[in-house]
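Peer 1: Just passing along the structure, written as structure tokens.
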Amino acid sequence: MIKVTNSISLDEDELQESFIRASGPGGQNVNKVESAVQLRFDVRNSPSLPEDVKERLERIAGKRLTNDGVLIITAQRFRMQERNREDAVNRLVELIRQATERPKPRRPTRPTLASKKRRLEAKGRRSEIKKGRGKGGGFD
């Protein structure tokens, strides 16, 4: 079990790992060793996540989410396969933690009377400046 928060834990069976060849550092070794990790997590069918967390996770995931609702994380930061696996899992856990935070509801506010007056006075001043630019220009 992978602990995400106090109330959410992921079963390791929900994660699918595949190993691919990484680009980047590694010298000649990079051409023969599959050190990069592609982690797949089915967000929509996960029994571990509550519905509201799933919705927020889908929004946060962006282009990393497929049309089927599978989140794909590719980790190739390190030369070692094991460190890339840890990196991918850590990134998934961090995404889920972000999704568990409920957004603060926006309370609609109205402009104060003073701010309305300031806006109208500024518009009036600007209007006077523009009126002064009109015809005649002083070159008659």
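Simple scheme: letters A, B, ... for chains in structure tokens order, numbers from 1 for residues in each chain, numbers from 1 for ligands in the order shown.
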If we count only C-alpha atoms, what is near Arg85 (chain A) at a cut-off of 9 Å, once residues fewer than 6 positions away on the same chain are taken out, given as a list of chain:residue names?
Peer 2: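 Result of the neighbour search: A:Glu17, A:Ala36, A:Val37, A:Gln38, A:Leu39, A:Ala75, A:Gln76.
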Peer 1: Just the selected residues (N, CA, C and O atoms), exported as an mmCIF file, in the first residue's frame, please.
Peer 2:
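Resulting contents of out14.cif:
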```
data_model
loop_
_atom_site.group_PDB
_atom_site.id
_atom_site.type_symbol
_atom_site.label_atom_id
_atom_site.label_comp_id
_atom_site.auth_asym_id
_atom_site.auth_seq_id
_atom_site.Cartn_x
_atom_site.Cartn_y
_atom_site.Cartn_z
ATOM 1 N N GLU A 17 3.520 -0.403 -14.357
ATOM 2 C CA GLU A 17 4.802 0.160 -14.753
ATOM 3 C C GLU A 17 5.288 -0.512 -16.022
ATOM 4 O O GLU A 17 5.168 -1.725 -16.169
ATOM 5 N N ALA A 36 14.155 4.310 -18.003
ATOM 6 C CA ALA A 36 13.017 5.213 -17.793
ATOM 7 C C ALA A 36 11.776 4.400 -17.429
ATOM 8 O O ALA A 36 11.620 3.251 -17.847
ATOM 9 N N VAL A 37 10.910 5.004 -16.639
ATOM 10 C CA VAL A 37 9.703 4.323 -16.175
ATOM 11 C C VAL A 37 8.478 5.084 -16.657
ATOM 12 O O VAL A 37 8.425 6.308 -16.578
ATOM 13 N N GLN A 38 7.512 4.337 -17.160
ATOM 14 C CA GLN A 38 6.225 4.922 -17.534
ATOM 15 C C GLN A 38 5.189 4.317 -16.587
ATOM 16 O O GLN A 38 4.917 3.117 -16.630
ATOM 17 N N LEU A 39 4.654 5.161 -15.714
ATOM 18 C CA LEU A 39 3.703 4.713 -14.692
ATOM 19 C C LEU A 39 2.293 5.053 -15.170
ATOM 20 O O LEU A 39 2.027 6.185 -15.585
ATOM 21 N N ALA A 75 9.028 8.981 -15.997
ATOM 22 C CA ALA A 75 10.154 9.436 -15.177
ATOM 23 C C ALA A 75 11.453 8.933 -15.793
ATOM 24 O O ALA A 75 11.642 7.729 -15.950
ATOM 25 N N GLN A 76 12.328 9.879 -16.130
ATOM 26 C CA GLN A 76 13.626 9.497 -16.699
ATOM 27 C C GLN A 76 14.708 10.442 -16.229
ATOM 28 O O GLN A 76 15.712 10.640 -16.884
#
```
Peer 1: Could you give me, as a PDB file with N, CA, C and O atoms, in the first residue's frame, each residue of chain A that DSSP assigns to helix (DSSP H, G or I) when run on this structure's backbone?
Peer 2:
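Output below, filename part-v4.pdb:
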```pdb
ATOM      1  N   GLU A  12      -0.849  -1.111  -4.640  1.00  0.00           N
ATOM      2  CA  GLU A  12       0.188  -1.162  -5.674  1.00  0.00           C
ATOM      3  C   GLU A  12      -0.290  -1.871  -6.931  1.00  0.00           C
ATOM      4  O   GLU A  12       0.277  -1.682  -8.005  1.00  0.00           O
ATOM      5  N   ASP A  13      -1.343  -2.681  -6.817  1.00  0.00           N
ATOM      6  CA  ASP A  13      -1.896  -3.360  -7.992  1.00  0.00           C
ATOM      7  C   ASP A  13      -2.582  -2.379  -8.945  1.00  0.00           C
ATOM      8  O   ASP A  13      -2.821  -2.702 -10.107  1.00  0.00           O
ATOM      9  N   GLU A  14      -2.933  -1.187  -8.454  1.00  0.00           N
ATOM     10  CA  GLU A  14      -3.574  -0.183  -9.303  1.00  0.00           C
ATOM     11  C   GLU A  14      -2.582   0.501 -10.238  1.00  0.00           C
ATOM     12  O   GLU A  14      -2.979   1.159 -11.186  1.00  0.00           O
ATOM     13  N   GLY A  27      25.457   7.967 -21.423  1.00  0.00           N
ATOM     14  CA  GLY A  27      26.503   7.506 -22.344  1.00  0.00           C
ATOM     15  C   GLY A  27      25.986   6.407 -23.252  1.00  0.00           C
ATOM     16  O   GLY A  27      24.829   6.392 -23.655  1.00  0.00           O
ATOM     17  N   GLN A  28      26.846   5.465 -23.565  1.00  0.00           N
ATOM     18  CA  GLN A  28      26.449   4.369 -24.453  1.00  0.00           C
ATOM     19  C   GLN A  28      25.452   3.445 -23.775  1.00  0.00           C
ATOM     20  O   GLN A  28      24.690   2.746 -24.441  1.00  0.00           O
ATOM     21  N   ASN A  29      25.453   3.459 -22.462  1.00  0.00           N
ATOM     22  CA  ASN A  29      24.546   2.610 -21.695  1.00  0.00           C
ATOM     23  C   ASN A  29      23.078   2.930 -22.004  1.00  0.00           C
ATOM     24  O   ASN A  29      22.224   2.062 -21.929  1.00  0.00           O
ATOM     25  N   VAL A  30      22.801   4.176 -22.363  1.00  0.00           N
ATOM     26  CA  VAL A  30      21.423   4.621 -22.589  1.00  0.00           C
ATOM     27  C   VAL A  30      20.785   3.884 -23.761  1.00  0.00           C
ATOM     28  O   VAL A  30      19.572   3.751 -23.833  1.00  0.00           O
ATOM     29  N   ASN A  31      21.621   3.357 -24.668  1.00  0.00           N
ATOM     30  CA  ASN A  31      21.085   2.682 -25.844  1.00  0.00           C
ATOM     31  C   ASN A  31      20.706   1.225 -25.585  1.00  0.00           C
ATOM     32  O   ASN A  31      20.063   0.598 -26.414  1.00  0.00           O
ATOM     33  N   GLU A  51     -14.843  10.376  -5.285  1.00  0.00           N
ATOM     34  CA  GLU A  51     -15.246  10.971  -6.571  1.00  0.00           C
ATOM     35  C   GLU A  51     -14.749  12.402  -6.738  1.00  0.00           C
ATOM     36  O   GLU A  51     -14.282  12.774  -7.814  1.00  0.00           O
ATOM     37  N   ASP A  52     -14.847  13.222  -5.678  1.00  0.00           N
ATOM     38  CA  ASP A  52     -14.426  14.624  -5.823  1.00  0.00           C
ATOM     39  C   ASP A  52     -12.920  14.727  -6.075  1.00  0.00           C
ATOM     40  O   ASP A  52     -12.476  15.578  -6.852  1.00  0.00           O
ATOM     41  N   VAL A  53     -12.145  13.830  -5.471  1.00  0.00           N
ATOM     42  CA  VAL A  53     -10.694  13.826  -5.699  1.00  0.00           C
ATOM     43  C   VAL A  53     -10.391  13.391  -7.132  1.00  0.00           C
ATOM     44  O   VAL A  53      -9.513  13.951  -7.786  1.00  0.00           O
ATOM     45  N   LYS A  54     -11.145  12.413  -7.638  1.00  0.00           N
ATOM     46  CA  LYS A  54     -10.955  11.968  -9.024  1.00  0.00           C
ATOM     47  C   LYS A  54     -11.180  13.120 -10.002  1.00  0.00           C
ATOM     48  O   LYS A  54     -10.395  13.323 -10.928  1.00  0.00           O
ATOM     49  N   GLU A  55     -12.258  13.882  -9.776  1.00  0.00           N
ATOM     50  CA  GLU A  55     -12.566  15.002 -10.680  1.00  0.00           C
ATOM     51  C   GLU A  55     -11.454  16.044 -10.663  1.00  0.00           C
ATOM     52  O   GLU A  55     -11.019  16.519 -11.714  1.00  0.00           O
ATOM     53  N   ARG A  56     -10.998  16.410  -9.462  1.00  0.00           N
ATOM     54  CA  ARG A  56      -9.936  17.414  -9.371  1.00  0.00           C
ATOM     55  C   ARG A  56      -8.630  16.888  -9.953  1.00  0.00           C
ATOM     56  O   ARG A  56      -7.898  17.621 -10.610  1.00  0.00           O
ATOM     57  N   LEU A  57      -8.344  15.589  -9.747  1.00  0.00           N
ATOM     58  CA  LEU A  57      -7.123  14.991 -10.288  1.00  0.00           C
ATOM     59  C   LEU A  57      -7.144  15.014 -11.815  1.00  0.00           C
ATOM     60  O   LEU A  57      -6.127  15.302 -12.451  1.00  0.00           O
ATOM     61  N   GLU A  58      -8.306  14.753 -12.396  1.00  0.00           N
ATOM     62  CA  GLU A  58      -8.407  14.796 -13.860  1.00  0.00           C
ATOM     63  C   GLU A  58      -8.138  16.204 -14.380  1.00  0.00           C
ATOM     64  O   GLU A  58      -7.511  16.382 -15.412  1.00  0.00           O
ATOM     65  N   ARG A  59      -8.610  17.211 -13.633  1.00  0.00           N
ATOM     66  CA  ARG A  59      -8.374  18.591 -14.050  1.00  0.00           C
ATOM     67  C   ARG A  59      -6.898  18.954 -13.914  1.00  0.00           C
ATOM     68  O   ARG A  59      -6.311  19.585 -14.800  1.00  0.00           O
ATOM     69  N   ILE A  60      -6.283  18.540 -12.814  1.00  0.00           N
ATOM     70  CA  ILE A  60      -4.870  18.864 -12.561  1.00  0.00           C
ATOM     71  C   ILE A  60      -3.957  18.141 -13.549  1.00  0.00           C
ATOM     72  O   ILE A  60      -2.949  18.687 -13.995  1.00  0.00           O
ATOM     73  N   ALA A  61      -4.300  16.896 -13.899  1.00  0.00           N
ATOM     74  CA  ALA A  61      -3.432  16.062 -14.744  1.00  0.00           C
ATOM     75  C   ALA A  61      -3.201  16.662 -16.121  1.00  0.00           C
ATOM     76  O   ALA A  61      -2.131  16.520 -16.688  1.00  0.00           O
ATOM     77  N   GLY A  62      -4.202  17.319 -16.675  1.00  0.00           N
ATOM     78  CA  GLY A  62      -4.043  17.969 -17.979  1.00  0.00           C
ATOM     79  C   GLY A  62      -3.734  16.989 -19.087  1.00  0.00           C
ATOM     80  O   GLY A  62      -4.420  15.984 -19.266  1.00  0.00           O
ATOM     81  N   LYS A  63      -2.646  17.235 -19.809  1.00  0.00           N
ATOM     82  CA  LYS A  63      -2.316  16.414 -20.984  1.00  0.00           C
ATOM     83  C   LYS A  63      -1.744  15.050 -20.619  1.00  0.00           C
ATOM     84  O   LYS A  63      -1.561  14.206 -21.482  1.00  0.00           O
ATOM     85  N   ARG A  64      -1.447  14.827 -19.346  1.00  0.00           N
ATOM     86  CA  ARG A  64      -0.938  13.519 -18.919  1.00  0.00           C
ATOM     87  C   ARG A  64      -2.059  12.491 -18.801  1.00  0.00           C
ATOM     88  O   ARG A  64      -1.798  11.319 -18.592  1.00  0.00           O
ATOM     89  N   GLN A  81      17.030   2.685 -12.866  1.00  0.00           N
ATOM     90  CA  GLN A  81      15.620   2.345 -13.011  1.00  0.00           C
ATOM     91  C   GLN A  81      14.871   2.484 -11.680  1.00  0.00           C
ATOM     92  O   GLN A  81      13.772   3.014 -11.636  1.00  0.00           O
ATOM     93  N   GLU A  82      15.490   2.034 -10.607  1.00  0.00           N
ATOM     94  CA  GLU A  82      14.829   2.067  -9.289  1.00  0.00           C
ATOM     95  C   GLU A  82      14.530   3.493  -8.839  1.00  0.00           C
ATOM     96  O   GLU A  82      13.462   3.789  -8.311  1.00  0.00           O
ATOM     97  N   ARG A  83      15.476   4.400  -9.057  1.00  0.00           N
ATOM     98  CA  ARG A  83      15.246   5.801  -8.669  1.00  0.00           C
ATOM     99  C   ARG A  83      14.164   6.437  -9.531  1.00  0.00           C
ATOM    100  O   ARG A  83      13.391   7.259  -9.055  1.00  0.00           O
ATOM    101  N   ASN A  84      14.107   6.059 -10.807  1.00  0.00           N
ATOM    102  CA  ASN A  84      13.047   6.572 -11.672  1.00  0.00           C
ATOM    103  C   ASN A  84      11.684   6.049 -11.229  1.00  0.00           C
ATOM    104  O   ASN A  84      10.682   6.762 -11.310  1.00  0.00           O
ATOM    105  N   ARG A  85      11.629   4.792 -10.751  1.00  0.00           N
ATOM    106  CA  ARG A  85      10.369   4.236 -10.242  1.00  0.00           C
ATOM    107  C   ARG A  85       9.896   5.040  -9.034  1.00  0.00           C
ATOM    108  O   ARG A  85       8.738   5.421  -8.936  1.00  0.00           O
ATOM    109  N   GLU A  86      10.823   5.302  -8.107  1.00  0.00           N
ATOM    110  CA  GLU A  86      10.481   6.091  -6.919  1.00  0.00           C
ATOM    111  C   GLU A  86      10.020   7.488  -7.312  1.00  0.00           C
ATOM    112  O   GLU A  86       9.056   8.007  -6.741  1.00  0.00           O
ATOM    113  N   ASP A  87      10.704   8.085  -8.270  1.00  0.00           N
ATOM    114  CA  ASP A  87      10.362   9.429  -8.727  1.00  0.00           C
ATOM    115  C   ASP A  87       8.944   9.457  -9.309  1.00  0.00           C
ATOM    116  O   ASP A  87       8.159  10.354  -9.012  1.00  0.00           O
ATOM    117  N   ALA A  88       8.608   8.463 -10.127  1.00  0.00           N
ATOM    118  CA  ALA A  88       7.279   8.409 -10.738  1.00  0.00           C
ATOM    119  C   ALA A  88       6.194   8.248  -9.673  1.00  0.00           C
ATOM    120  O   ALA A  88       5.158   8.935  -9.715  1.00  0.00           O
ATOM    121  N   VAL A  89       6.414   7.379  -8.711  1.00  0.00           N
ATOM    122  CA  VAL A  89       5.424   7.163  -7.647  1.00  0.00           C
ATOM    123  C   VAL A  89       5.280   8.426  -6.802  1.00  0.00           C
ATOM    124  O   VAL A  89       4.160   8.836  -6.465  1.00  0.00           O
ATOM    125  N   ASN A  90       6.399   9.064  -6.481  1.00  0.00           N
ATOM    126  CA  ASN A  90       6.350  10.300  -5.693  1.00  0.00           C
ATOM    127  C   ASN A  90       5.583  11.394  -6.419  1.00  0.00           C
ATOM    128  O   ASN A  90       4.825  12.146  -5.800  1.00  0.00           O
ATOM    129  N   ARG A  91       5.777  11.499  -7.728  1.00  0.00           N
ATOM    130  CA  ARG A  91       5.060  12.510  -8.500  1.00  0.00           C
ATOM    131  C   ARG A  91       3.564  12.219  -8.532  1.00  0.00           C
ATOM    132  O   ARG A  91       2.735  13.141  -8.452  1.00  0.00           O
ATOM    133  N   LEU A  92       3.201  10.944  -8.638  1.00  0.00           N
ATOM    134  CA  LEU A  92       1.780  10.561  -8.609  1.00  0.00           C
ATOM    135  C   LEU A  92       1.172  10.904  -7.250  1.00  0.00           C
ATOM    136  O   LEU A  92       0.090  11.495  -7.180  1.00  0.00           O
ATOM    137  N   VAL A  93       1.867  10.555  -6.179  1.00  0.00           N
ATOM    138  CA  VAL A  93       1.369  10.846  -4.833  1.00  0.00           C
ATOM    139  C   VAL A  93       1.191  12.352  -4.644  1.00  0.00           C
ATOM    140  O   VAL A  93       0.190  12.805  -4.082  1.00  0.00           O
ATOM    141  N   GLU A  94       2.133  13.132  -5.143  1.00  0.00           N
ATOM    142  CA  GLU A  94       2.036  14.591  -5.004  1.00  0.00           C
ATOM    143  C   GLU A  94       0.844  15.142  -5.781  1.00  0.00           C
ATOM    144  O   GLU A  94       0.139  16.032  -5.313  1.00  0.00           O
ATOM    145  N   LEU A  95       0.600  14.607  -6.978  1.00  0.00           N
ATOM    146  CA  LEU A  95      -0.577  15.037  -7.754  1.00  0.00           C
ATOM    147  C   LEU A  95      -1.871  14.722  -7.008  1.00  0.00           C
ATOM    148  O   LEU A  95      -2.789  15.549  -6.963  1.00  0.00           O
ATOM    149  N   ILE A  96      -1.941  13.531  -6.425  1.00  0.00           N
ATOM    150  CA  ILE A  96      -3.152  13.143  -5.695  1.00  0.00           C
ATOM    151  C   ILE A  96      -3.323  14.019  -4.459  1.00  0.00           C
ATOM    152  O   ILE A  96      -4.436  14.438  -4.132  1.00  0.00           O
ATOM    153  N   ARG A  97      -2.220  14.346  -3.783  1.00  0.00           N
ATOM    154  CA  ARG A  97      -2.308  15.244  -2.612  1.00  0.00           C
ATOM    155  C   ARG A  97      -2.851  16.606  -3.021  1.00  0.00           C
ATOM    156  O   ARG A  97      -3.653  17.194  -2.306  1.00  0.00           O
ATOM    157  N   GLN A  98      -2.399  17.119  -4.163  1.00  0.00           N
ATOM    158  CA  GLN A  98      -2.927  18.401  -4.646  1.00  0.00           C
ATOM    159  C   GLN A  98      -4.422  18.305  -4.911  1.00  0.00           C
ATOM    160  O   GLN A  98      -5.170  19.236  -4.649  1.00  0.00           O
ATOM    161  N   ALA A  99      -4.853  17.149  -5.435  1.00  0.00           N
ATOM    162  CA  ALA A  99      -6.269  16.969  -5.768  1.00  0.00           C
ATOM    163  C   ALA A  99      -7.131  16.822  -4.520  1.00  0.00           C
ATOM    164  O   ALA A  99      -8.334  17.063  -4.571  1.00  0.00           O
ATOM    165  N   THR A 100      -6.533  16.424  -3.393  1.00  0.00           N
ATOM    166  CA  THR A 100      -7.330  16.268  -2.170  1.00  0.00           C
ATOM    167  C   THR A 100      -7.675  17.615  -1.543  1.00  0.00           C
ATOM    168  O   THR A 100      -8.622  17.708  -0.777  1.00  0.00           O
ATOM    169  N   LEU A 113     -18.328  52.262  -2.509  1.00  0.00           N
ATOM    170  CA  LEU A 113     -18.790  53.543  -3.052  1.00  0.00           C
ATOM    171  C   LEU A 113     -17.601  54.432  -3.388  1.00  0.00           C
ATOM    172  O   LEU A 113     -17.568  55.087  -4.439  1.00  0.00           O
ATOM    173  N   ALA A 114     -16.583  54.439  -2.520  1.00  0.00           N
ATOM    174  CA  ALA A 114     -15.394  55.268  -2.755  1.00  0.00           C
ATOM    175  C   ALA A 114     -14.671  54.839  -4.024  1.00  0.00           C
ATOM    176  O   ALA A 114     -14.219  55.688  -4.802  1.00  0.00           O
ATOM    177  N   SER A 115     -14.566  53.516  -4.262  1.00  0.00           N
ATOM    178  CA  SER A 115     -13.859  53.063  -5.464  1.00  0.00           C
ATOM    179  C   SER A 115     -14.653  53.419  -6.719  1.00  0.00           C
ATOM    180  O   SER A 115     -14.070  53.732  -7.761  1.00  0.00           O
ATOM    181  N   LYS A 116     -15.969  53.384  -6.635  1.00  0.00           N
ATOM    182  CA  LYS A 116     -16.792  53.805  -7.790  1.00  0.00           C
ATOM    183  C   LYS A 116     -16.565  55.285  -8.096  1.00  0.00           C
ATOM    184  O   LYS A 116     -16.416  55.673  -9.257  1.00  0.00           O
ATOM    185  N   LYS A 117     -16.520  56.120  -7.029  1.00  0.00           N
ATOM    186  CA  LYS A 117     -16.292  57.561  -7.229  1.00  0.00           C
ATOM    187  C   LYS A 117     -14.920  57.812  -7.839  1.00  0.00           C
ATOM    188  O   LYS A 117     -14.785  58.633  -8.750  1.00  0.00           O
ATOM    189  N   ARG A 118     -13.889  57.114  -7.326  1.00  0.00           N
ATOM    190  CA  ARG A 118     -12.533  57.286  -7.876  1.00  0.00           C
ATOM    191  C   ARG A 118     -12.499  56.918  -9.351  1.00  0.00           C
ATOM    192  O   ARG A 118     -11.875  57.607 -10.160  1.00  0.00           O
ATOM    193  N   ARG A 119     -13.175  55.830  -9.711  1.00  0.00           N
ATOM    194  CA  ARG A 119     -13.195  55.402 -11.116  1.00  0.00           C
ATOM    195  C   ARG A 119     -13.857  56.458 -11.989  1.00  0.00           C
ATOM    196  O   ARG A 119     -13.343  56.815 -13.057  1.00  0.00           O
ATOM    197  N   LEU A 120     -14.988  56.985 -11.538  1.00  0.00           N
ATOM    198  CA  LEU A 120     -15.693  57.993 -12.336  1.00  0.00           C
ATOM    199  C   LEU A 120     -14.894  59.290 -12.447  1.00  0.00           C
ATOM    200  O   LEU A 120     -14.878  59.926 -13.500  1.00  0.00           O
ATOM    201  N   GLU A 121     -14.204  59.682 -11.361  1.00  0.00           N
ATOM    202  CA  GLU A 121     -13.373  60.898 -11.422  1.00  0.00           C
ATOM    203  C   GLU A 121     -12.217  60.702 -12.401  1.00  0.00           C
ATOM    204  O   GLU A 121     -11.884  61.597 -13.169  1.00  0.00           O
ATOM    205  N   ALA A 122     -11.611  59.522 -12.392  1.00  0.00           N
ATOM    206  CA  ALA A 122     -10.498  59.241 -13.309  1.00  0.00           C
ATOM    207  C   ALA A 122     -10.996  59.268 -14.759  1.00  0.00           C
ATOM    208  O   ALA A 122     -10.320  59.788 -15.652  1.00  0.00           O
ATOM    209  N   LYS A 123     -12.195  58.723 -14.990  1.00  0.00           N
ATOM    210  CA  LYS A 123     -12.766  58.750 -16.347  1.00  0.00           C
ATOM    211  C   LYS A 123     -13.013  60.189 -16.780  1.00  0.00           C
ATOM    212  O   LYS A 123     -12.777  60.556 -17.939  1.00  0.00           O
ATOM    213  N   GLY A 124     -13.484  61.015 -15.841  1.00  0.00           N
ATOM    214  CA  GLY A 124     -13.744  62.428 -16.154  1.00  0.00           C
ATOM    215  C   GLY A 124     -12.469  63.162 -16.517  1.00  0.00           C
ATOM    216  O   GLY A 124     -12.437  63.939 -17.486  1.00  0.00           O
ATOM    217  N   ARG A 125     -11.416  62.919 -15.725  1.00  0.00           N
ATOM    218  CA  ARG A 125     -10.124  63.567 -16.017  1.00  0.00           C
ATOM    219  C   ARG A 125      -9.607  63.139 -17.382  1.00  0.00           C
ATOM    220  O   ARG A 125      -9.124  63.945 -18.172  1.00  0.00           O
ATOM    221  N   ARG A 126      -9.698  61.854 -17.650  1.00  0.00           N
ATOM    222  CA  ARG A 126      -9.219  61.332 -18.944  1.00  0.00           C
ATOM    223  C   ARG A 126     -10.036  61.933 -20.086  1.00  0.00           C
ATOM    224  O   ARG A 126      -9.494  62.263 -21.148  1.00  0.00           O
ATOM    225  N   SER A 127     -11.321  62.077 -19.856  1.00  0.00           N
ATOM    226  CA  SER A 127     -12.199  62.657 -20.867  1.00  0.00           C
ATOM    227  C   SER A 127     -11.790  64.100 -21.178  1.00  0.00           C
ATOM    228  O   SER A 127     -11.746  64.513 -22.345  1.00  0.00           O
ATOM    229  N   GLU A 128     -11.475  64.879 -20.128  1.00  0.00           N
ATOM    230  CA  GLU A 128     -11.044  66.274 -20.329  1.00  0.00           C
ATOM    231  C   GLU A 128      -9.741  66.333 -21.132  1.00  0.00           C
ATOM    232  O   GLU A 128      -9.583  67.174 -22.016  1.00  0.00           O
ATOM    233  N   ILE A 129      -8.817  65.442 -20.822  1.00  0.00           N
ATOM    234  CA  ILE A 129      -7.552  65.404 -21.566  1.00  0.00           C
ATOM    235  C   ILE A 129      -7.821  65.154 -23.047  1.00  0.00           C
ATOM    236  O   ILE A 129      -7.267  65.812 -23.920  1.00  0.00           O
ATOM    237  N   LYS A 130      -8.712  64.216 -23.335  1.00  0.00           N
ATOM    238  CA  LYS A 130      -8.990  63.859 -24.727  1.00  0.00           C
ATOM    239  C   LYS A 130      -9.763  64.965 -25.443  1.00  0.00           C
ATOM    240  O   LYS A 130      -9.566  65.179 -26.640  1.00  0.00           O
ATOM    241  N   LYS A 131     -10.634  65.658 -24.707  1.00  0.00           N
ATOM    242  CA  LYS A 131     -11.359  66.780 -25.330  1.00  0.00           C
ATOM    243  C   LYS A 131     -10.397  67.873 -25.762  1.00  0.00           C
ATOM    244  O   LYS A 131     -10.599  68.523 -26.781  1.00  0.00           O
TER     245      LYS A 131
END
```
Peer 1: What parts of region 12-129 of chain A does DSSP call strand (DSSP E)? I'd like the answer as JSON, numbers by chain.
Peer 2: {"A": [15, 16, 17, 18, 19, 20, 36, 37, 38, 39, 40, 41, 42, 70, 71, 72, 73, 74, 75]}
Peer 1: May I have the residues from that selection written out with N, CA and C atoms, as a compact mmCIF listing (two decimals), in the first residue's frame?
Peer 2:
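Output file part_8.txt follows:
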```
# COMPACT_ATOMS: atom_id res chain seq x y z
N LEU A 15 -1.30 0.36 -9.94
CA LEU A 15 -0.26 1.00 -10.76
C LEU A 15 0.31 0.00 -11.75
N GLN A 16 0.51 0.45 -12.98
CA GLN A 16 1.15 -0.39 -13.99
C GLN A 16 2.42 0.30 -14.44
N GLU A 17 3.52 -0.40 -14.36
CA GLU A 17 4.80 0.16 -14.75
C GLU A 17 5.29 -0.51 -16.02
N SER A 18 5.83 0.29 -16.90
CA SER A 18 6.53 -0.26 -18.05
C SER A 18 7.85 0.49 -18.16
N PHE A 19 8.85 -0.16 -18.66
CA PHE A 19 10.18 0.42 -18.72
C PHE A 19 10.54 0.69 -20.17
N ILE A 20 11.08 1.87 -20.39
CA ILE A 20 11.44 2.31 -21.74
C ILE A 20 12.86 2.87 -21.71
N ALA A 36 14.15 4.31 -18.00
CA ALA A 36 13.02 5.21 -17.79
C ALA A 36 11.78 4.40 -17.43
N VAL A 37 10.91 5.00 -16.64
CA VAL A 37 9.70 4.32 -16.17
C VAL A 37 8.48 5.08 -16.66
N GLN A 38 7.51 4.34 -17.16
CA GLN A 38 6.22 4.92 -17.53
C GLN A 38 5.19 4.32 -16.59
N LEU A 39 4.65 5.16 -15.71
CA LEU A 39 3.70 4.71 -14.69
C LEU A 39 2.29 5.05 -15.17
N ARG A 40 1.41 4.06 -15.12
CA ARG A 40 0.02 4.27 -15.53
C ARG A 40 -0.89 4.04 -14.34
N PHE A 41 -1.83 4.97 -14.15
CA PHE A 41 -2.78 4.88 -13.05
C PHE A 41 -4.17 5.23 -13.59
N ASP A 42 -5.09 4.28 -13.47
CA ASP A 42 -6.46 4.48 -13.99
C ASP A 42 -7.25 5.29 -12.96
N VAL A 70 -6.76 7.44 -17.97
CA VAL A 70 -5.54 6.85 -17.42
C VAL A 70 -4.47 7.93 -17.34
N LEU A 71 -3.92 8.10 -16.15
CA LEU A 71 -2.87 9.08 -15.91
C LEU A 71 -1.53 8.42 -16.21
N ILE A 72 -0.73 9.06 -17.08
CA ILE A 72 0.57 8.50 -17.46
C ILE A 72 1.66 9.46 -16.98
N ILE A 73 2.57 8.92 -16.17
CA ILE A 73 3.71 9.70 -15.69
C ILE A 73 4.97 9.02 -16.18
N THR A 74 5.81 9.77 -16.89
CA THR A 74 7.07 9.24 -17.39
C THR A 74 8.20 9.84 -16.57
N ALA A 75 9.03 8.98 -16.00
CA ALA A 75 10.15 9.44 -15.18
C ALA A 75 11.45 8.93 -15.79
```
Peer 1: Can you measure CA of Pro50 (chain A) to CA of Arg106 (chain A) for me? One decimal in Å is fine.
Peer 2: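 Taking CA of Pro50 (chain A) and CA of Arg106 (chain A), their separation equals 23.0 Å.
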